[in-house]
Amino acid sequence: MPILLFLLCFSYSTIGYAQDYTFKELKSIPKTSRWMEVDKMKQLYLVENAHTLLKYSPEGELLYQFNENSLGEISYIDVSNPFRILVYYNDYATVIFLDRTLSEIQRHDLSDLDIPEVRALGTASDNNIWIFDNNTYTLKKVDSQNQVIAESPDLSLLLTEGIDPNRLIEANARVYLNSPNIGILVFDIFGNYIKTIEILDLDYFQVYEGQIFYVEHKKFKTYHLLSFLTKEIKLPILSEKLEQLCIAQEHLYIKYPNKINIIALKKK
């Protein structure tokens with residue numbers, strides 16, 4: 001997983017313009033971490049180092065931790081299902097699923113798929129796994145036996161540029177695959193390609209309530225999937241030292257180099 005300089009994780013909430021809200025710090029967690037995610041229950045997850053995943057309560061209290069030293073470093077986590085957390089290790093092409101206490105419940109070896117490097121993957125709503133196969137230029141859904149149960153057409157026949165994906169999300173019966181050079185590719189849950197949304201050079205984005213939330217040039221923006229309109233949402237509490245921002249319901253989680261701040265949002 002690349003360490004990104006400025007990211008947004010937007011989960012299960014929307015917020016309006018800054019003047020409609022007040023901001024109050026609830027807690028500061030003194031912790032250096034590589035990555036942060038928040039689930040729909042406002043629980044915070046930190047990839048602390050190469051091998052350790054930490055889980056915190058909405059109030060910022062450490063609940064559980066998971067450590068696996070035999071598979072290389074953690075490459076990616078997906079917490080869209082807080083009862084079935086996906087942890088991916090690219091060095092060994094292995095996915096581990098964890099329960100809500102960060103105890104291992106399943107291990108999935110992807111090496112049988114003969115994909116040299118899985119650059120984008122994510123949890124499907126039916127608990128299978130979406131994977132971009134850069135050998136065949138296809139999006140695939142695979143089950144626990146690595147059987148392909150849904151697949152896109154060869155995207156090299158549909159697109160004029162190559163795909164170099166870095167993010168995959170399933171949301172609201174759609175799969176969103178981001179390739180910074182061409183935008184966000186949209187598929188249905190059977191793998192059929194629908195369209196490309198031309199928002200370029202994204203490291204990270206989130207889909208919620210019919211909108212795509214993302215950061216562009218250190219500005220927090222939304223793209224409406226029906227109206228196709230883009231809007232900036234101004235947050236006055238941001239600083240240049242910000243590394244990552246997550247929003248879950250009425251909480252902001254702000255990652256700085258040596259700490260995580262949890263901020264409450266309240267309407268004025």
# chains A, B, ... in the order shown; residues from 1 in each chain; ligands from 1
$ residues_around --residues "Asn69 (chain A)" --least-positions-apart "2" --cutoff "10 Å" --atoms "only C-alpha atoms" --output "PyMOL selection string"
chain A and resi 50-52+67+71-74
$ write_last_selection --atoms "C-alpha atoms" --output "mmCIF file, in the first residue's frame"
data_model
loop_
_atom_site.group_PDB
_atom_site.id
_atom_site.type_symbol
_atom_site.label_atom_id
_atom_site.label_comp_id
_atom_site.auth_asym_id
_atom_site.auth_seq_id
_atom_site.Cartn_x
_atom_site.Cartn_y
_atom_site.Cartn_z
ATOM 1 C CA ALA A 50 4.326 -3.335 8.187
ATOM 2 C CA HIS A 51 2.588 -6.094 10.124
ATOM 3 C CA THR A 52 0.205 -4.623 12.716
ATOM 4 C CA ASN A 67 -0.249 -9.016 13.821
ATOM 5 C CA LEU A 71 3.350 -12.750 4.900
ATOM 6 C CA GLY A 72 5.312 -9.563 4.399
ATOM 7 C CA GLU A 73 3.798 -6.147 4.938
ATOM 8 C CA ILE A 74 0.112 -5.281 4.897
#
$ select_by_dssp --residues "region 20-221 of chain A" --states "helix (DSSP H, G or I)" --output "ChimeraX atom specification"
/A:20,90-92,111-113,155-157
$ closest_residue --among "A:Tyr45, A:Phe220, A:Tyr176, A:Tyr256" --to "Ser28 (chain A)" --atoms "only C-alpha atoms"
A:Tyr256
$ residues_around --residues "Asn81 (chain A)" --least-positions-apart "5" --cutoff "10 Å" --atoms "only C-alpha atoms" --output "ChimeraX atom specification"
/A:39-41,86,99-100,123-125,127
$ residues_around --residues "Ile182 (chain A)" --least-positions-apart "4" --cutoff "10 Å" --atoms "only C-alpha atoms" --output "list in words"
Leu159, Thr160, Glu161, Gly162, Ile163, Asp164, Pro165, Asn178, Thr196, Ile197, Glu198, Ile199, Leu200, Asp201 and Leu202 of chain A
$ residues_around --residues "Ile129 (chain A)" --least-positions-apart "6" --cutoff "9 Å" --atoms "only C-alpha atoms" --output "list in words"
Leu121, Gly122, Thr123, Lys140, Lys141, Val142, Asp143 and Ser144 of chain A
$ write_last_selection --atoms "N, CA and C atoms" --output "PDB file, in the first residue's frame"
ATOM      1  N   LEU A 121      -8.032  -4.663  -5.443  1.00  0.00           N
ATOM      2  CA  LEU A 121      -8.990  -5.679  -5.044  1.00  0.00           C
ATOM      3  C   LEU A 121      -9.870  -5.099  -3.956  1.00  0.00           C
ATOM      4  N   GLY A 122     -10.978  -5.772  -3.680  1.00  0.00           N
ATOM      5  CA  GLY A 122     -11.883  -5.298  -2.641  1.00  0.00           C
ATOM      6  C   GLY A 122     -12.951  -6.327  -2.360  1.00  0.00           C
ATOM      7  N   THR A 123     -13.659  -6.119  -1.263  1.00  0.00           N
ATOM      8  CA  THR A 123     -14.706  -7.037  -0.838  1.00  0.00           C
ATOM      9  C   THR A 123     -15.976  -6.813  -1.643  1.00  0.00           C
ATOM     10  N   LYS A 140     -12.541  -9.241 -12.262  1.00  0.00           N
ATOM     11  CA  LYS A 140     -13.092 -10.551 -11.942  1.00  0.00           C
ATOM     12  C   LYS A 140     -13.600 -10.588 -10.510  1.00  0.00           C
ATOM     13  N   LYS A 141     -14.688 -11.321 -10.318  1.00  0.00           N
ATOM     14  CA  LYS A 141     -15.112 -11.670  -8.967  1.00  0.00           C
ATOM     15  C   LYS A 141     -14.810 -13.149  -8.770  1.00  0.00           C
ATOM     16  N   VAL A 142     -14.078 -13.459  -7.680  1.00  0.00           N
ATOM     17  CA  VAL A 142     -13.705 -14.848  -7.424  1.00  0.00           C
ATOM     18  C   VAL A 142     -14.243 -15.283  -6.075  1.00  0.00           C
ATOM     19  N   ASP A 143     -14.538 -16.590  -5.974  1.00  0.00           N
ATOM     20  CA  ASP A 143     -15.025 -17.134  -4.709  1.00  0.00           C
ATOM     21  C   ASP A 143     -13.858 -17.695  -3.898  1.00  0.00           C
ATOM     22  N   SER A 144     -14.167 -18.391  -2.817  1.00  0.00           N
ATOM     23  CA  SER A 144     -13.120 -18.884  -1.910  1.00  0.00           C
ATOM     24  C   SER A 144     -12.247 -19.947  -2.541  1.00  0.00           C
TER      25      SER A 144
END
$ atom_distance --atom1 "CA of Val38 (chain A)" --atom2 "CA of Asp78 (chain A)"
9.6 Å
$ atom_distance --atom1 "CA of Asp91 (chain A)" --atom2 "CA of Asp114 (chain A)"
13.6 Å
$ select_by_dssp --residues "region 206-255 of chain A" --states "strand (DSSP E)" --output "list of chain:residue names"
A:Gln206, A:Val207, A:Tyr208, A:Gln211, A:Ile212, A:Phe213, A:Tyr214, A:Val215, A:Glu216, A:Lys219, A:Phe220, A:Lys221, A:Thr222, A:Tyr223, A:His224, A:Thr230, A:Lys231, A:Glu232, A:Gln244, A:Leu245, A:Cys246, A:Ile247, A:Ala248, A:His251, A:Leu252, A:Tyr253, A:Ile254, A:Lys255
$ write_last_selection --atoms "N, CA and C atoms" --output "PDB file, in the first residue's frame"
ATOM      1  N   GLN A 206     -14.125   7.774  -2.177  1.00  0.00           N
ATOM      2  CA  GLN A 206     -15.170   6.987  -1.534  1.00  0.00           C
ATOM      3  C   GLN A 206     -16.496   7.300  -2.198  1.00  0.00           C
ATOM      4  N   VAL A 207     -17.386   6.302  -2.238  1.00  0.00           N
ATOM      5  CA  VAL A 207     -18.703   6.450  -2.844  1.00  0.00           C
ATOM      6  C   VAL A 207     -19.748   6.333  -1.752  1.00  0.00           C
ATOM      7  N   TYR A 208     -20.673   7.325  -1.697  1.00  0.00           N
ATOM      8  CA  TYR A 208     -21.724   7.297  -0.690  1.00  0.00           C
ATOM      9  C   TYR A 208     -22.868   8.204  -1.109  1.00  0.00           C
ATOM     10  N   GLN A 211     -22.852   9.886  -4.506  1.00  0.00           N
ATOM     11  CA  GLN A 211     -21.783  10.840  -4.791  1.00  0.00           C
ATOM     12  C   GLN A 211     -20.418  10.173  -4.626  1.00  0.00           C
ATOM     13  N   ILE A 212     -19.443  10.714  -5.322  1.00  0.00           N
ATOM     14  CA  ILE A 212     -18.053  10.327  -5.129  1.00  0.00           C
ATOM     15  C   ILE A 212     -17.377  11.450  -4.360  1.00  0.00           C
ATOM     16  N   PHE A 213     -16.717  11.100  -3.272  1.00  0.00           N
ATOM     17  CA  PHE A 213     -16.001  12.073  -2.445  1.00  0.00           C
ATOM     18  C   PHE A 213     -14.498  11.853  -2.630  1.00  0.00           C
ATOM     19  N   TYR A 214     -13.777  12.938  -2.830  1.00  0.00           N
ATOM     20  CA  TYR A 214     -12.361  12.810  -3.125  1.00  0.00           C
ATOM     21  C   TYR A 214     -11.639  14.110  -2.783  1.00  0.00           C
ATOM     22  N   VAL A 215     -10.311  14.057  -2.794  1.00  0.00           N
ATOM     23  CA  VAL A 215      -9.479  15.233  -2.590  1.00  0.00           C
ATOM     24  C   VAL A 215      -8.721  15.505  -3.882  1.00  0.00           C
ATOM     25  N   GLU A 216      -8.786  16.760  -4.313  1.00  0.00           N
ATOM     26  CA  GLU A 216      -8.065  17.182  -5.508  1.00  0.00           C
ATOM     27  C   GLU A 216      -7.352  18.489  -5.187  1.00  0.00           C
ATOM     28  N   LYS A 219      -8.171  19.995  -1.921  1.00  0.00           N
ATOM     29  CA  LYS A 219      -9.540  20.474  -1.749  1.00  0.00           C
ATOM     30  C   LYS A 219     -10.480  19.280  -1.697  1.00  0.00           C
ATOM     31  N   PHE A 220     -11.392  19.301  -0.753  1.00  0.00           N
ATOM     32  CA  PHE A 220     -12.358  18.235  -0.538  1.00  0.00           C
ATOM     33  C   PHE A 220     -13.536  18.469  -1.483  1.00  0.00           C
ATOM     34  N   LYS A 221     -13.810  17.505  -2.377  1.00  0.00           N
ATOM     35  CA  LYS A 221     -14.827  17.692  -3.403  1.00  0.00           C
ATOM     36  C   LYS A 221     -15.789  16.506  -3.475  1.00  0.00           C
ATOM     37  N   THR A 222     -16.956  16.768  -4.064  1.00  0.00           N
ATOM     38  CA  THR A 222     -17.919  15.705  -4.346  1.00  0.00           C
ATOM     39  C   THR A 222     -18.314  15.774  -5.819  1.00  0.00           C
ATOM     40  N   TYR A 223     -18.588  14.596  -6.364  1.00  0.00           N
ATOM     41  CA  TYR A 223     -19.093  14.478  -7.729  1.00  0.00           C
ATOM     42  C   TYR A 223     -20.406  13.720  -7.657  1.00  0.00           C
ATOM     43  N   HIS A 224     -21.490  14.334  -8.113  1.00  0.00           N
ATOM     44  CA  HIS A 224     -22.808  13.712  -8.023  1.00  0.00           C
ATOM     45  C   HIS A 224     -23.011  12.770  -9.201  1.00  0.00           C
ATOM     46  N   THR A 230     -19.897  18.882  -9.785  1.00  0.00           N
ATOM     47  CA  THR A 230     -18.821  18.822  -8.801  1.00  0.00           C
ATOM     48  C   THR A 230     -18.955  19.991  -7.842  1.00  0.00           C
ATOM     49  N   LYS A 231     -18.732  19.735  -6.551  1.00  0.00           N
ATOM     50  CA  LYS A 231     -18.842  20.777  -5.528  1.00  0.00           C
ATOM     51  C   LYS A 231     -17.696  20.638  -4.541  1.00  0.00           C
ATOM     52  N   GLU A 232     -17.178  21.752  -4.093  1.00  0.00           N
ATOM     53  CA  GLU A 232     -16.166  21.751  -3.043  1.00  0.00           C
ATOM     54  C   GLU A 232     -16.829  21.914  -1.687  1.00  0.00           C
ATOM     55  N   GLN A 244      -4.160  12.265   6.111  1.00  0.00           N
ATOM     56  CA  GLN A 244      -5.343  11.507   5.723  1.00  0.00           C
ATOM     57  C   GLN A 244      -6.531  11.984   6.533  1.00  0.00           C
ATOM     58  N   LEU A 245      -7.705  11.962   5.905  1.00  0.00           N
ATOM     59  CA  LEU A 245      -8.933  12.387   6.560  1.00  0.00           C
ATOM     60  C   LEU A 245     -10.022  11.358   6.310  1.00  0.00           C
ATOM     61  N   CYS A 246     -10.674  10.921   7.376  1.00  0.00           N
ATOM     62  CA  CYS A 246     -11.832  10.029   7.269  1.00  0.00           C
ATOM     63  C   CYS A 246     -13.015  10.682   7.961  1.00  0.00           C
ATOM     64  N   ILE A 247     -14.203  10.450   7.430  1.00  0.00           N
ATOM     65  CA  ILE A 247     -15.422  10.967   8.036  1.00  0.00           C
ATOM     66  C   ILE A 247     -16.388   9.810   8.196  1.00  0.00           C
ATOM     67  N   ALA A 248     -16.932   9.658   9.401  1.00  0.00           N
ATOM     68  CA  ALA A 248     -17.919   8.616   9.663  1.00  0.00           C
ATOM     69  C   ALA A 248     -19.020   9.219  10.517  1.00  0.00           C
ATOM     70  N   HIS A 251     -18.338  12.257  12.969  1.00  0.00           N
ATOM     71  CA  HIS A 251     -16.957  12.301  13.447  1.00  0.00           C
ATOM     72  C   HIS A 251     -15.990  12.495  12.277  1.00  0.00           C
ATOM     73  N   LEU A 252     -14.992  13.337  12.508  1.00  0.00           N
ATOM     74  CA  LEU A 252     -13.856  13.447  11.607  1.00  0.00           C
ATOM     75  C   LEU A 252     -12.667  12.756  12.254  1.00  0.00           C
ATOM     76  N   TYR A 253     -11.905  12.023  11.459  1.00  0.00           N
ATOM     77  CA  TYR A 253     -10.672  11.387  11.920  1.00  0.00           C
ATOM     78  C   TYR A 253      -9.547  11.950  11.063  1.00  0.00           C
ATOM     79  N   ILE A 254      -8.627  12.676  11.703  1.00  0.00           N
ATOM     80  CA  ILE A 254      -7.588  13.376  10.968  1.00  0.00           C
ATOM     81  C   ILE A 254      -6.230  12.784  11.331  1.00  0.00           C
ATOM     82  N   LYS A 255      -5.541  12.291  10.332  1.00  0.00           N
ATOM     83  CA  LYS A 255      -4.234  11.658  10.537  1.00  0.00           C
ATOM     84  C   LYS A 255      -3.122  12.655  10.237  1.00  0.00           C
TER      85      LYS A 255
END
$ decode --residues "region 122-135 of chain A" --atoms "all heavy atoms" --output "tab-separated table (two decimals), in the first residue's frame"
chain	number	residue	atom	x	y	z
A	122	GLY	N	-10.98	-5.77	-3.68
A	122	GLY	CA	-11.88	-5.30	-2.64
A	122	GLY	C	-12.95	-6.33	-2.36
A	122	GLY	O	-13.16	-7.28	-3.12
A	123	THR	N	-13.66	-6.12	-1.26
A	123	THR	CA	-14.71	-7.04	-0.84
A	123	THR	C	-15.98	-6.81	-1.64
A	123	THR	O	-16.43	-5.67	-1.81
A	123	THR	CB	-15.01	-6.84	0.65
A	123	THR	OG1	-13.81	-7.03	1.40
A	123	THR	CG2	-16.06	-7.82	1.13
A	124	ALA	N	-16.57	-7.90	-2.14
A	124	ALA	CA	-17.87	-7.83	-2.79
A	124	ALA	C	-18.97	-7.94	-1.73
A	124	ALA	O	-18.75	-8.45	-0.63
A	124	ALA	CB	-18.01	-8.96	-3.81
A	125	SER	N	-20.15	-7.46	-2.06
A	125	SER	CA	-21.25	-7.46	-1.09
A	125	SER	C	-21.69	-8.87	-0.71
A	125	SER	O	-22.32	-9.07	0.34
A	125	SER	CB	-22.44	-6.67	-1.65
A	125	SER	OG	-22.85	-7.21	-2.89
A	126	ASP	N	-21.36	-9.86	-1.54
A	126	ASP	CA	-21.71	-11.25	-1.23
A	126	ASP	C	-20.54	-12.00	-0.57
A	126	ASP	O	-20.52	-13.23	-0.53
A	126	ASP	CB	-22.16	-12.00	-2.49
A	126	ASP	CG	-21.10	-11.99	-3.60
A	126	ASP	OD1	-19.98	-11.48	-3.35
A	126	ASP	OD2	-21.38	-12.49	-4.70
A	127	ASN	N	-19.55	-11.23	-0.06
A	127	ASN	CA	-18.38	-11.75	0.66
A	127	ASN	C	-17.38	-12.46	-0.23
A	127	ASN	O	-16.46	-13.13	0.27
A	127	ASN	CB	-18.80	-12.68	1.81
A	127	ASN	CG	-19.45	-11.91	2.95
A	127	ASN	OD1	-19.16	-10.73	3.14
A	127	ASN	ND2	-20.32	-12.57	3.68
A	128	ASN	N	-17.51	-12.35	-1.54
A	128	ASN	CA	-16.46	-12.79	-2.44
A	128	ASN	C	-15.49	-11.63	-2.66
A	128	ASN	O	-15.56	-10.61	-1.97
A	128	ASN	CB	-17.07	-13.30	-3.74
A	128	ASN	CG	-17.83	-14.61	-3.54
A	128	ASN	OD1	-17.26	-15.60	-3.06
A	128	ASN	ND2	-19.11	-14.62	-3.87
A	129	ILE	N	-14.56	-11.77	-3.60
A	129	ILE	CA	-13.51	-10.76	-3.80
A	129	ILE	C	-13.50	-10.29	-5.25
A	129	ILE	O	-13.49	-11.11	-6.18
A	129	ILE	CB	-12.12	-11.32	-3.44
A	129	ILE	CG1	-12.08	-11.83	-1.99
A	129	ILE	CG2	-11.03	-10.26	-3.65
A	129	ILE	CD1	-10.76	-12.51	-1.63
A	130	TRP	N	-13.50	-8.97	-5.43
A	130	TRP	CA	-13.26	-8.39	-6.74
A	130	TRP	C	-11.76	-8.18	-6.94
A	130	TRP	O	-11.07	-7.70	-6.03
A	130	TRP	CB	-13.95	-7.03	-6.87
A	130	TRP	CG	-15.42	-7.09	-7.02
A	130	TRP	CD1	-16.38	-6.77	-6.09
A	130	TRP	CD2	-16.15	-7.46	-8.21
A	130	TRP	NE1	-17.63	-6.93	-6.60
A	130	TRP	CE2	-17.53	-7.35	-7.91
A	130	TRP	CE3	-15.77	-7.87	-9.49
A	130	TRP	CZ2	-18.52	-7.64	-8.84
A	130	TRP	CZ3	-16.76	-8.16	-10.42
A	130	TRP	CH2	-18.11	-8.04	-10.10
A	131	ILE	N	-11.26	-8.52	-8.12
A	131	ILE	CA	-9.84	-8.40	-8.44
A	131	ILE	C	-9.70	-7.88	-9.86
A	131	ILE	O	-10.43	-8.31	-10.77
A	131	ILE	CB	-9.14	-9.77	-8.33
A	131	ILE	CG1	-9.11	-10.26	-6.89
A	131	ILE	CG2	-7.72	-9.71	-8.87
A	131	ILE	CD1	-8.61	-11.68	-6.75
A	132	PHE	N	-8.75	-6.96	-10.05
A	132	PHE	CA	-8.40	-6.59	-11.42
A	132	PHE	C	-7.24	-7.47	-11.88
A	132	PHE	O	-6.18	-7.52	-11.25
A	132	PHE	CB	-7.99	-5.12	-11.53
A	132	PHE	CG	-7.59	-4.75	-12.93
A	132	PHE	CD1	-8.55	-4.63	-13.92
A	132	PHE	CD2	-6.26	-4.53	-13.26
A	132	PHE	CE1	-8.19	-4.31	-15.22
A	132	PHE	CE2	-5.89	-4.20	-14.55
A	132	PHE	CZ	-6.87	-4.09	-15.54
A	133	ASP	N	-7.46	-8.19	-12.98
A	133	ASP	CA	-6.45	-9.08	-13.55
A	133	ASP	C	-5.70	-8.34	-14.65
A	133	ASP	O	-6.24	-8.11	-15.74
A	133	ASP	CB	-7.15	-10.33	-14.12
A	133	ASP	CG	-6.15	-11.38	-14.62
A	133	ASP	OD1	-4.99	-11.01	-14.91
A	133	ASP	OD2	-6.56	-12.55	-14.74
A	134	ASN	N	-4.45	-7.96	-14.36
A	134	ASN	CA	-3.70	-7.20	-15.35
A	134	ASN	C	-3.08	-8.08	-16.43
A	134	ASN	O	-2.43	-7.57	-17.34
A	134	ASN	CB	-2.63	-6.33	-14.67
A	134	ASN	CG	-1.71	-7.14	-13.77
A	134	ASN	OD1	-2.04	-8.25	-13.38
A	134	ASN	ND2	-0.57	-6.58	-13.43
A	135	ASN	N	-3.27	-9.38	-16.34
A	135	ASN	CA	-2.88	-10.27	-17.45
A	135	ASN	C	-3.91	-10.23	-18.57
A	135	ASN	O	-3.57	-10.12	-19.75
A	135	ASN	CB	-2.73	-11.71	-16.96
A	135	ASN	CG	-1.39	-11.98	-16.34
A	135	ASN	OD1	-0.42	-11.27	-16.59
A	135	ASN	ND2	-1.31	-13.01	-15.52
